[in-house]
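Chemist: Below is the structure I would like to discuss, written out as structure tokens.
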Amino acid sequence: MPRLTDPDPNAVPADVRDFLSALPPDPMVKMMTHSVATVKLFIQLARAQFTSLELPARSRELVILTVAEYAESEFVAAQHRPISEAVGVDQRTREIIGSRDIDSPDLSAYDGTLIRFAAEVVRSPRVPDDLFDQVRHILSEREIVEVLQVVGYYWSFGRMATALNVEVTAVYGDEPLIAD
């Protein structure tokens, strides 16, 4: 059961209501609407992560699933399992992330490095130099920054979901349709 009541729709400004009406119903978006000053910005940042990153969609989803696992957010995991499948993350890789066996020889060198990097960012404020050097060999500087932004966004999203006991749902079965 959520820790907060649903926001009063009459207290939501018309521009925010109009903006949100284009989205599928989602209990997390509803909770975020308690902060009418930030809900649009938070969703617009999600849009940018689905439409404007240099980081490939498959890599983005590996990062998001890793954040969901290490931040213990079943909400984020439930939302992104189907999205990750749609962009090519196979079941075995999802299982490896879910079991935290991130040194598994079943992972490609690229996937293992990316997943270890995302896990380390969630676990610790500093990434060891040797891991960062490995990341520099597989990602551009822009992609490194984008990975860090995706980690931060989904850590925050996951913490809101867990702290507020938001109902776990899987709204999207594919990448979300994100209108401008």
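In the structure tokens, the first chain shown is A, the next is B, and so on; residue numbers restart at 1 for each chain, and ligands run from 1 in the order shown.
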Excluding same-chain residues fewer than 5 positions from Ala118 (chain A), what lies within 12 Å of it counting only C-alpha atoms, as a ChimeraX atom specification?

Modeler: /A:59-71,97,100,102,111-113,123-127,131-132,135,144-152,154-155

Chemist: For those residues, write C-alpha atoms to a file as an mmCIF file, in the first residue's frame.

Modeler:
```cif
data_model
loop_
_atom_site.group_PDB
_atom_site.id
_atom_site.type_symbol
_atom_site.label_atom_id
_atom_site.label_comp_id
_atom_site.auth_asym_id
_atom_site.auth_seq_id
_atom_site.Cartn_x
_atom_site.Cartn_y
_atom_site.Cartn_z
ATOM 1 C CA SER A 59 23.426 -0.513 -22.993
ATOM 2 C CA ARG A 60 21.009 1.880 -21.305
ATOM 3 C CA GLU A 61 18.808 -1.052 -20.302
ATOM 4 C CA LEU A 62 21.768 -3.040 -18.947
ATOM 5 C CA VAL A 63 22.549 -0.035 -16.763
ATOM 6 C CA ILE A 64 18.933 0.387 -15.632
ATOM 7 C CA LEU A 65 18.540 -3.304 -14.726
ATOM 8 C CA THR A 66 21.809 -3.146 -12.783
ATOM 9 C CA VAL A 67 20.643 -0.066 -10.882
ATOM 10 C CA ALA A 68 17.315 -1.753 -10.153
ATOM 11 C CA GLU A 69 19.134 -4.780 -8.740
ATOM 12 C CA TYR A 70 21.682 -2.920 -6.620
ATOM 13 C CA ALA A 71 19.199 -0.282 -5.435
ATOM 14 C CA ILE A 97 22.306 -9.153 -13.278
ATOM 15 C CA ARG A 100 24.637 -10.197 -8.982
ATOM 16 C CA ILE A 102 28.562 -9.678 -12.555
ATOM 17 C CA ASP A 111 28.463 -6.152 -20.986
ATOM 18 C CA GLY A 112 30.550 -7.228 -17.998
ATOM 19 C CA THR A 113 32.446 -3.950 -17.885
ATOM 20 C CA ARG A 123 27.476 0.758 -4.327
ATOM 21 C CA SER A 124 30.232 3.290 -3.780
ATOM 22 C CA PRO A 125 31.000 6.980 -4.283
ATOM 23 C CA ARG A 126 34.284 6.141 -6.072
ATOM 24 C CA VAL A 127 34.953 3.820 -8.990
ATOM 25 C CA LEU A 131 37.448 -0.334 -13.703
ATOM 26 C CA PHE A 132 37.242 3.259 -14.915
ATOM 27 C CA VAL A 135 35.070 1.751 -19.157
ATOM 28 C CA ILE A 144 30.322 7.678 -19.664
ATOM 29 C CA VAL A 145 28.492 10.821 -18.556
ATOM 30 C CA GLU A 146 25.236 9.441 -19.938
ATOM 31 C CA VAL A 147 25.702 6.184 -18.010
ATOM 32 C CA LEU A 148 26.225 8.193 -14.824
ATOM 33 C CA GLN A 149 23.083 10.224 -15.534
ATOM 34 C CA VAL A 150 21.042 7.068 -16.189
ATOM 35 C CA VAL A 151 22.356 5.557 -12.945
ATOM 36 C CA GLY A 152 21.420 8.684 -10.998
ATOM 37 C CA TYR A 154 16.995 5.387 -11.967
ATOM 38 C CA TRP A 155 18.505 5.294 -8.487
#
```

Chemist: Go through region 92-161 of chain A residue by residue and, counting only C-alpha atoms, keep those with an atom at most 12 Å from region 24-42 of chain A; for each kept residue give the shortest atom pair and its distance in Å to one decimal, ordered by chain and increasing number, as JSON lines.

Modeler:
```
{"residue": "A:Gly152", "atom": "CA", "partner": "A:Phe42", "partner_atom": "CA", "distance": 11.9}
{"residue": "A:Tyr153", "atom": "CA", "partner": "A:Phe42", "partner_atom": "CA", "distance": 8.6}
{"residue": "A:Tyr154", "atom": "CA", "partner": "A:Phe42", "partner_atom": "CA", "distance": 10.8}
{"residue": "A:Ser156", "atom": "CA", "partner": "A:Phe42", "partner_atom": "CA", "distance": 10.2}
{"residue": "A:Phe157", "atom": "CA", "partner": "A:Met28", "partner_atom": "CA", "distance": 8.6}
{"residue": "A:Gly158", "atom": "CA", "partner": "A:Met28", "partner_atom": "CA", "distance": 9.8}
{"residue": "A:Arg159", "atom": "CA", "partner": "A:Met28", "partner_atom": "CA", "distance": 11.2}
{"residue": "A:Met160", "atom": "CA", "partner": "A:Met28", "partner_atom": "CA", "distance": 8.3}
{"residue": "A:Ala161", "atom": "CA", "partner": "A:Met28", "partner_atom": "CA", "distance": 6.8}
```

Chemist: Would you mind exporting the chosen residues as a PDB file, in the first residue's frame, restricted to C-alpha atoms?

Modeler:
```pdb
ATOM      1  CA  GLY A 152      21.420   8.684 -10.998  1.00  0.00           C
ATOM      2  CA  TYR A 153      17.983   8.988 -12.565  1.00  0.00           C
ATOM      3  CA  TYR A 154      16.995   5.387 -11.967  1.00  0.00           C
ATOM      4  CA  SER A 156      16.327   8.308  -7.628  1.00  0.00           C
ATOM      5  CA  PHE A 157      13.288   6.816  -9.373  1.00  0.00           C
ATOM      6  CA  GLY A 158      13.819   3.506  -7.607  1.00  0.00           C
ATOM      7  CA  ARG A 159      14.194   5.136  -4.204  1.00  0.00           C
ATOM      8  CA  MET A 160      10.961   7.076  -4.670  1.00  0.00           C
ATOM      9  CA  ALA A 161       9.196   3.847  -5.577  1.00  0.00           C
TER      10      ALA A 161
END
```

Chemist: Near Arg3 (chain A), counting only C-alpha atoms, which residues have an atom at most 10 Å away, once you skip same-chain residues fewer than 2 positions from it, shown as a ChimeraX atom specification?

Modeler: /A:1,5-6,31,162-166

Chemist: Can you write out the residues you just picked, keeping all heavy atoms, as a compact mmCIF listing (two decimals), in the first residue's frame?

Modeler:
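Saved as result-v9.txt:
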```txt
# COMPACT_ATOMS: atom_id res chain seq x y z
N MET A 1 0.85 -1.18 0.00
CA MET A 1 0.00 0.00 0.00
C MET A 1 0.90 1.24 0.00
O MET A 1 1.80 1.35 0.82
CB MET A 1 -0.89 -0.03 1.23
CG MET A 1 -1.77 1.16 1.38
SD MET A 1 -2.97 0.83 2.68
CE MET A 1 -4.14 2.07 2.29
N THR A 5 -1.19 9.35 -0.25
CA THR A 5 -2.45 9.28 -0.98
C THR A 5 -2.22 9.80 -2.40
O THR A 5 -1.23 10.47 -2.68
CB THR A 5 -3.52 10.15 -0.29
OG1 THR A 5 -3.05 11.50 -0.26
CG2 THR A 5 -3.81 9.66 1.12
N ASP A 6 -3.15 9.49 -3.27
CA ASP A 6 -3.06 10.04 -4.62
C ASP A 6 -3.22 11.55 -4.55
O ASP A 6 -4.00 12.06 -3.73
CB ASP A 6 -4.17 9.47 -5.51
CG ASP A 6 -3.93 8.02 -5.89
OD1 ASP A 6 -2.79 7.53 -5.69
OD2 ASP A 6 -4.87 7.38 -6.38
N MET A 31 2.37 9.46 -8.22
CA MET A 31 3.04 9.87 -6.97
C MET A 31 3.92 11.09 -7.20
O MET A 31 3.95 12.00 -6.37
CB MET A 31 3.91 8.73 -6.44
CG MET A 31 3.22 7.71 -5.61
SD MET A 31 2.45 8.42 -4.14
CE MET A 31 0.94 7.48 -4.18
N THR A 162 10.47 2.74 -3.81
CA THR A 162 10.58 1.90 -2.62
C THR A 162 10.20 2.66 -1.35
O THR A 162 9.50 2.12 -0.50
CB THR A 162 11.99 1.29 -2.48
OG1 THR A 162 12.96 2.33 -2.51
CG2 THR A 162 12.27 0.30 -3.59
N ALA A 163 10.65 3.89 -1.22
CA ALA A 163 10.34 4.67 -0.01
C ALA A 163 8.84 4.96 0.12
O ALA A 163 8.31 5.02 1.23
CB ALA A 163 11.13 5.98 0.00
N LEU A 164 8.17 5.11 -1.03
CA LEU A 164 6.74 5.43 -1.01
C LEU A 164 5.86 4.20 -1.18
O LEU A 164 4.63 4.31 -1.22
CB LEU A 164 6.41 6.46 -2.10
CG LEU A 164 7.11 7.81 -1.96
CD1 LEU A 164 6.77 8.71 -3.15
CD2 LEU A 164 6.75 8.48 -0.64
N ASN A 165 6.47 3.00 -1.30
CA ASN A 165 5.72 1.76 -1.50
C ASN A 165 4.78 1.85 -2.70
O ASN A 165 3.61 1.45 -2.63
CB ASN A 165 4.91 1.37 -0.25
CG ASN A 165 5.76 0.91 0.88
OD1 ASN A 165 6.89 0.47 0.68
ND2 ASN A 165 5.23 1.01 2.09
N VAL A 166 5.29 2.37 -3.80
CA VAL A 166 4.47 2.49 -5.00
C VAL A 166 4.21 1.09 -5.56
O VAL A 166 5.12 0.26 -5.64
CB VAL A 166 5.16 3.39 -6.05
CG1 VAL A 166 4.34 3.45 -7.34
CG2 VAL A 166 5.36 4.79 -5.48
```

Chemist: How far is it from CA of Ser84 (chain A) to CA of Arg58 (chain A), in Å with one decimal?

Modeler: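 Value for the CA of Ser84 (chain A)-CA of Arg58 (chain A) distance: 6.6 Å.
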
Chemist: Could you pull out all residues of chain A with a DSSP call of helix (DSSP H, G or I) and give them as a short mmCIF file (atom, residue, chain, number, x, y, z; two decimals) with N, CA and C atoms, in the first residue's frame?

Modeler:
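Now in result_3.cif:
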```cif
data_model
loop_
_atom_site.label_atom_id
_atom_site.label_comp_id
_atom_site.auth_asym_id
_atom_site.auth_seq_id
_atom_site.Cartn_x
_atom_site.Cartn_y
_atom_site.Cartn_z
N PRO A 9 -6.41 15.78 -8.03
CA PRO A 9 -6.31 16.25 -9.41
C PRO A 9 -6.65 17.73 -9.56
N ASN A 10 -7.51 18.24 -8.68
CA ASN A 10 -7.88 19.66 -8.74
C ASN A 10 -6.74 20.58 -8.30
N ALA A 11 -5.75 20.02 -7.60
CA ALA A 11 -4.61 20.83 -7.15
C ALA A 11 -3.48 20.83 -8.19
N ALA A 14 -3.31 23.04 -14.77
CA ALA A 14 -3.82 22.55 -16.06
C ALA A 14 -2.69 22.14 -17.00
N ASP A 15 -1.59 22.89 -17.03
CA ASP A 15 -0.50 22.54 -17.96
C ASP A 15 0.13 21.20 -17.57
N VAL A 16 0.21 20.93 -16.29
CA VAL A 16 0.77 19.65 -15.83
C VAL A 16 -0.21 18.54 -16.14
N ARG A 17 -1.51 18.76 -15.88
CA ARG A 17 -2.53 17.76 -16.20
C ARG A 17 -2.52 17.42 -17.69
N ASP A 18 -2.44 18.46 -18.53
CA ASP A 18 -2.40 18.25 -19.98
C ASP A 18 -1.18 17.44 -20.38
N PHE A 19 -0.04 17.79 -19.82
CA PHE A 19 1.21 17.08 -20.11
C PHE A 19 1.09 15.61 -19.74
N LEU A 20 0.57 15.34 -18.54
CA LEU A 20 0.48 13.97 -18.04
C LEU A 20 -0.61 13.15 -18.75
N SER A 21 -1.60 13.82 -19.32
CA SER A 21 -2.69 13.10 -19.98
C SER A 21 -2.21 12.35 -21.22
N PRO A 27 1.33 4.44 -11.69
CA PRO A 27 1.25 4.85 -10.29
C PRO A 27 2.44 5.69 -9.84
N MET A 28 3.60 5.51 -10.45
CA MET A 28 4.77 6.30 -10.07
C MET A 28 4.63 7.73 -10.55
N VAL A 29 4.15 7.92 -11.77
CA VAL A 29 3.93 9.28 -12.27
C VAL A 29 2.89 9.97 -11.39
N LYS A 30 1.88 9.22 -11.01
CA LYS A 30 0.85 9.79 -10.12
C LYS A 30 1.49 10.27 -8.81
N MET A 31 2.37 9.46 -8.22
CA MET A 31 3.04 9.87 -6.97
C MET A 31 3.92 11.09 -7.20
N MET A 32 4.63 11.12 -8.31
CA MET A 32 5.51 12.26 -8.59
C MET A 32 4.73 13.54 -8.79
N VAL A 39 7.56 17.29 -11.66
CA VAL A 39 7.11 16.08 -12.35
C VAL A 39 7.37 16.17 -13.85
N LYS A 40 7.08 17.31 -14.48
CA LYS A 40 7.31 17.44 -15.92
C LYS A 40 8.80 17.32 -16.24
N LEU A 41 9.63 17.97 -15.44
CA LEU A 41 11.07 17.92 -15.68
C LEU A 41 11.61 16.50 -15.53
N PHE A 42 11.12 15.79 -14.54
CA PHE A 42 11.57 14.42 -14.30
C PHE A 42 11.20 13.54 -15.50
N ILE A 43 10.01 13.71 -16.02
CA ILE A 43 9.56 12.92 -17.17
C ILE A 43 10.32 13.35 -18.43
N GLN A 44 10.56 14.65 -18.57
CA GLN A 44 11.33 15.11 -19.73
C GLN A 44 12.75 14.56 -19.72
N LEU A 45 13.34 14.40 -18.54
CA LEU A 45 14.66 13.79 -18.45
C LEU A 45 14.58 12.32 -18.88
N ALA A 46 13.52 11.63 -18.48
CA ALA A 46 13.34 10.24 -18.94
C ALA A 46 13.22 10.20 -20.46
N ARG A 47 12.47 11.12 -21.02
CA ARG A 47 12.33 11.19 -22.49
C ARG A 47 13.70 11.34 -23.15
N ALA A 48 14.50 12.23 -22.61
CA ALA A 48 15.83 12.44 -23.19
C ALA A 48 16.65 11.16 -23.13
N GLN A 49 16.49 10.39 -22.08
CA GLN A 49 17.24 9.14 -21.94
C GLN A 49 16.75 8.07 -22.92
N PHE A 50 15.56 8.23 -23.45
CA PHE A 50 15.04 7.28 -24.44
C PHE A 50 15.19 7.79 -25.86
N THR A 51 15.46 9.06 -26.04
CA THR A 51 15.47 9.60 -27.40
C THR A 51 16.74 10.33 -27.79
N ALA A 57 20.49 1.91 -26.77
CA ALA A 57 19.35 1.51 -25.94
C ALA A 57 19.63 0.23 -25.15
N ARG A 58 20.28 -0.74 -25.78
CA ARG A 58 20.59 -1.98 -25.08
C ARG A 58 21.51 -1.71 -23.89
N SER A 59 22.50 -0.87 -24.09
CA SER A 59 23.43 -0.51 -22.99
C SER A 59 22.69 0.23 -21.89
N ARG A 60 21.81 1.15 -22.29
CA ARG A 60 21.01 1.88 -21.30
C ARG A 60 20.22 0.91 -20.44
N GLU A 61 19.62 -0.10 -21.06
CA GLU A 61 18.81 -1.05 -20.30
C GLU A 61 19.66 -1.94 -19.41
N LEU A 62 20.86 -2.30 -19.84
CA LEU A 62 21.77 -3.04 -18.95
C LEU A 62 22.05 -2.22 -17.70
N VAL A 63 22.28 -0.93 -17.90
CA VAL A 63 22.55 -0.03 -16.76
C VAL A 63 21.33 0.05 -15.86
N ILE A 64 20.16 0.24 -16.44
CA ILE A 64 18.93 0.39 -15.63
C ILE A 64 18.65 -0.89 -14.84
N LEU A 65 18.77 -2.05 -15.46
CA LEU A 65 18.54 -3.30 -14.73
C LEU A 65 19.54 -3.48 -13.60
N THR A 66 20.78 -3.05 -13.83
CA THR A 66 21.81 -3.15 -12.78
C THR A 66 21.47 -2.21 -11.63
N VAL A 67 21.05 -1.00 -11.94
CA VAL A 67 20.64 -0.07 -10.88
C VAL A 67 19.46 -0.64 -10.11
N ALA A 68 18.48 -1.18 -10.83
CA ALA A 68 17.31 -1.75 -10.15
C ALA A 68 17.74 -2.85 -9.18
N GLU A 69 18.67 -3.69 -9.60
CA GLU A 69 19.13 -4.78 -8.74
C GLU A 69 19.88 -4.25 -7.52
N TYR A 70 20.83 -3.37 -7.73
CA TYR A 70 21.68 -2.92 -6.62
C TYR A 70 21.01 -1.87 -5.74
N GLU A 74 12.30 -3.22 -7.13
CA GLU A 74 11.51 -4.12 -7.96
C GLU A 74 10.64 -3.33 -8.94
N PHE A 75 10.24 -2.13 -8.57
CA PHE A 75 9.43 -1.30 -9.46
C PHE A 75 10.20 -1.03 -10.76
N VAL A 76 11.44 -0.57 -10.65
CA VAL A 76 12.24 -0.27 -11.84
C VAL A 76 12.50 -1.56 -12.62
N ALA A 77 12.83 -2.63 -11.93
CA ALA A 77 13.09 -3.90 -12.61
C ALA A 77 11.86 -4.36 -13.38
N ALA A 78 10.68 -4.30 -12.77
CA ALA A 78 9.46 -4.75 -13.44
C ALA A 78 9.16 -3.92 -14.68
N GLN A 79 9.42 -2.63 -14.59
CA GLN A 79 9.16 -1.76 -15.74
C GLN A 79 10.15 -2.02 -16.87
N HIS A 80 11.38 -2.37 -16.52
CA HIS A 80 12.43 -2.43 -17.55
C HIS A 80 12.78 -3.83 -18.04
N ARG A 81 12.29 -4.87 -17.40
CA ARG A 81 12.54 -6.21 -17.97
C ARG A 81 11.99 -6.32 -19.39
N PRO A 82 10.72 -5.96 -19.62
CA PRO A 82 10.21 -6.07 -21.00
C PRO A 82 10.89 -5.10 -21.97
N ILE A 83 11.23 -3.92 -21.50
CA ILE A 83 11.91 -2.96 -22.37
C ILE A 83 13.28 -3.51 -22.75
N SER A 84 13.99 -4.06 -21.76
CA SER A 84 15.32 -4.60 -22.04
C SER A 84 15.25 -5.76 -23.03
N GLU A 85 14.24 -6.59 -22.90
CA GLU A 85 14.07 -7.69 -23.84
C GLU A 85 13.84 -7.15 -25.26
N ALA A 86 13.03 -6.11 -25.35
CA ALA A 86 12.71 -5.53 -26.66
C ALA A 86 13.94 -4.93 -27.35
N GLN A 91 17.60 -13.24 -21.82
CA GLN A 91 17.18 -13.73 -20.51
C GLN A 91 18.38 -14.08 -19.62
N ARG A 92 19.39 -14.72 -20.18
CA ARG A 92 20.56 -15.12 -19.38
C ARG A 92 21.26 -13.89 -18.80
N THR A 93 21.40 -12.84 -19.57
CA THR A 93 22.04 -11.62 -19.06
C THR A 93 21.20 -11.01 -17.95
N ARG A 94 19.89 -11.00 -18.12
CA ARG A 94 19.01 -10.47 -17.06
C ARG A 94 19.15 -11.31 -15.80
N GLU A 95 19.26 -12.63 -15.95
CA GLU A 95 19.45 -13.51 -14.78
C GLU A 95 20.78 -13.23 -14.09
N ILE A 96 21.82 -13.01 -14.86
CA ILE A 96 23.14 -12.72 -14.27
C ILE A 96 23.08 -11.43 -13.47
N ILE A 97 22.45 -10.41 -14.02
CA ILE A 97 22.31 -9.15 -13.28
C ILE A 97 21.50 -9.40 -12.00
N GLY A 98 20.39 -10.13 -12.12
CA GLY A 98 19.53 -10.41 -10.97
C GLY A 98 20.20 -11.23 -9.89
N SER A 99 21.18 -12.05 -10.26
CA SER A 99 21.89 -12.84 -9.26
C SER A 99 23.15 -12.14 -8.76
N ALA A 109 32.70 -9.13 -22.79
CA ALA A 109 33.60 -8.18 -22.13
C ALA A 109 32.92 -6.82 -21.99
N TYR A 110 32.23 -6.39 -23.04
CA TYR A 110 31.52 -5.10 -23.01
C TYR A 110 30.45 -5.10 -21.92
N ASP A 111 29.55 -6.10 -21.96
CA ASP A 111 28.46 -6.15 -20.99
C ASP A 111 29.00 -6.24 -19.57
N GLY A 112 30.00 -7.09 -19.35
CA GLY A 112 30.55 -7.23 -18.00
C GLY A 112 31.13 -5.93 -17.47
N THR A 113 31.85 -5.23 -18.32
CA THR A 113 32.45 -3.95 -17.88
C THR A 113 31.36 -2.93 -17.58
N LEU A 114 30.38 -2.82 -18.46
CA LEU A 114 29.31 -1.84 -18.26
C LEU A 114 28.50 -2.16 -17.00
N ILE A 115 28.18 -3.41 -16.80
CA ILE A 115 27.39 -3.81 -15.63
C ILE A 115 28.20 -3.61 -14.35
N ARG A 116 29.46 -3.99 -14.35
CA ARG A 116 30.30 -3.79 -13.15
C ARG A 116 30.42 -2.29 -12.83
N PHE A 117 30.56 -1.46 -13.86
CA PHE A 117 30.66 -0.01 -13.66
C PHE A 117 29.38 0.53 -13.03
N ALA A 118 28.23 0.17 -13.59
CA ALA A 118 26.95 0.65 -13.04
C ALA A 118 26.76 0.18 -11.61
N ALA A 119 27.09 -1.08 -11.34
CA ALA A 119 26.95 -1.62 -9.98
C ALA A 119 27.85 -0.87 -9.01
N GLU A 120 29.07 -0.59 -9.43
CA GLU A 120 30.02 0.11 -8.55
C GLU A 120 29.56 1.53 -8.26
N VAL A 121 29.00 2.20 -9.25
CA VAL A 121 28.50 3.56 -9.04
C VAL A 121 27.37 3.56 -8.02
N VAL A 122 26.51 2.54 -8.06
CA VAL A 122 25.43 2.46 -7.07
C VAL A 122 25.98 2.13 -5.69
N ARG A 123 26.96 1.25 -5.61
CA ARG A 123 27.48 0.76 -4.33
C ARG A 123 28.41 1.72 -3.63
N ASP A 129 40.16 2.90 -10.20
CA ASP A 129 40.82 3.34 -11.42
C ASP A 129 40.85 2.26 -12.49
N ASP A 130 41.12 1.01 -12.11
CA ASP A 130 41.21 -0.05 -13.12
C ASP A 130 39.88 -0.26 -13.82
N LEU A 131 38.76 -0.19 -13.09
CA LEU A 131 37.45 -0.33 -13.70
C LEU A 131 37.15 0.88 -14.58
N PHE A 132 37.48 2.06 -14.11
CA PHE A 132 37.24 3.26 -14.92
C PHE A 132 38.05 3.20 -16.21
N ASP A 133 39.27 2.71 -16.14
CA ASP A 133 40.09 2.56 -17.35
C ASP A 133 39.44 1.59 -18.33
N GLN A 134 38.86 0.52 -17.82
CA GLN A 134 38.16 -0.44 -18.69
C GLN A 134 36.96 0.24 -19.37
N VAL A 135 36.23 1.05 -18.61
CA VAL A 135 35.07 1.75 -19.16
C VAL A 135 35.51 2.73 -20.25
N ARG A 136 36.64 3.40 -20.04
CA ARG A 136 37.14 4.36 -21.05
C ARG A 136 37.47 3.66 -22.37
N HIS A 137 37.73 2.37 -22.32
CA HIS A 137 38.05 1.63 -23.55
C HIS A 137 36.80 1.20 -24.32
N ILE A 138 35.65 1.20 -23.67
CA ILE A 138 34.43 0.75 -24.36
C ILE A 138 33.42 1.86 -24.60
N GLU A 141 33.54 9.54 -23.90
CA GLU A 141 33.36 10.38 -22.72
C GLU A 141 31.90 10.77 -22.56
N ARG A 142 31.25 11.07 -23.67
CA ARG A 142 29.81 11.40 -23.60
C ARG A 142 29.03 10.23 -23.04
N GLU A 143 29.31 9.02 -23.52
CA GLU A 143 28.58 7.84 -23.04
C GLU A 143 28.83 7.58 -21.56
N ILE A 144 30.03 7.85 -21.09
CA ILE A 144 30.32 7.68 -19.66
C ILE A 144 29.44 8.61 -18.85
N VAL A 145 29.35 9.85 -19.27
CA VAL A 145 28.49 10.82 -18.56
C VAL A 145 27.03 10.38 -18.64
N GLU A 146 26.62 9.90 -19.80
CA GLU A 146 25.24 9.44 -19.94
C GLU A 146 24.95 8.24 -19.04
N VAL A 147 25.89 7.31 -18.92
CA VAL A 147 25.70 6.18 -18.01
C VAL A 147 25.51 6.71 -16.59
N LEU A 148 26.34 7.65 -16.18
CA LEU A 148 26.22 8.19 -14.82
C LEU A 148 24.88 8.89 -14.62
N GLN A 149 24.40 9.57 -15.64
CA GLN A 149 23.08 10.22 -15.53
C GLN A 149 21.96 9.20 -15.46
N VAL A 150 22.06 8.13 -16.24
CA VAL A 150 21.04 7.07 -16.19
C VAL A 150 21.06 6.41 -14.81
N VAL A 151 22.26 6.14 -14.29
CA VAL A 151 22.36 5.56 -12.94
C VAL A 151 21.68 6.47 -11.93
N GLY A 152 22.00 7.75 -11.96
CA GLY A 152 21.42 8.68 -11.00
C GLY A 152 19.91 8.80 -11.12
N TYR A 153 19.42 8.87 -12.34
CA TYR A 153 17.98 8.99 -12.57
C TYR A 153 17.25 7.77 -12.01
N TYR A 154 17.72 6.58 -12.38
CA TYR A 154 16.99 5.39 -11.97
C TYR A 154 17.23 5.03 -10.50
N TRP A 155 18.34 5.46 -9.93
CA TRP A 155 18.50 5.29 -8.49
C TRP A 155 17.45 6.15 -7.78
N SER A 156 17.32 7.41 -8.22
CA SER A 156 16.33 8.31 -7.63
C SER A 156 14.91 7.78 -7.84
N PHE A 157 14.60 7.37 -9.05
CA PHE A 157 13.29 6.82 -9.37
C PHE A 157 12.99 5.59 -8.51
N GLY A 158 13.98 4.72 -8.41
CA GLY A 158 13.82 3.51 -7.61
C GLY A 158 13.61 3.81 -6.14
N ARG A 159 14.35 4.78 -5.62
CA ARG A 159 14.19 5.14 -4.20
C ARG A 159 12.83 5.74 -3.94
N MET A 160 12.32 6.55 -4.85
CA MET A 160 10.96 7.08 -4.67
C MET A 160 9.97 5.92 -4.61
N ALA A 161 10.12 4.98 -5.53
CA ALA A 161 9.20 3.85 -5.58
C ALA A 161 9.25 3.02 -4.30
N THR A 162 10.47 2.74 -3.81
CA THR A 162 10.58 1.90 -2.62
C THR A 162 10.20 2.66 -1.35
N ALA A 163 10.65 3.89 -1.22
CA ALA A 163 10.34 4.67 -0.01
C ALA A 163 8.84 4.96 0.12
#
```

Chemist: Could you tell me how far CA of Thr169 (chain A) lies from CA of Leu55 (chain A), in Å and to one decimal?

Modeler: 25.9 Å

Chemist: In Å, with one decimal, what is the gap from CA of Glu54 (chain A) to CA of Leu139 (chain A)?

Modeler: 9.9 Å
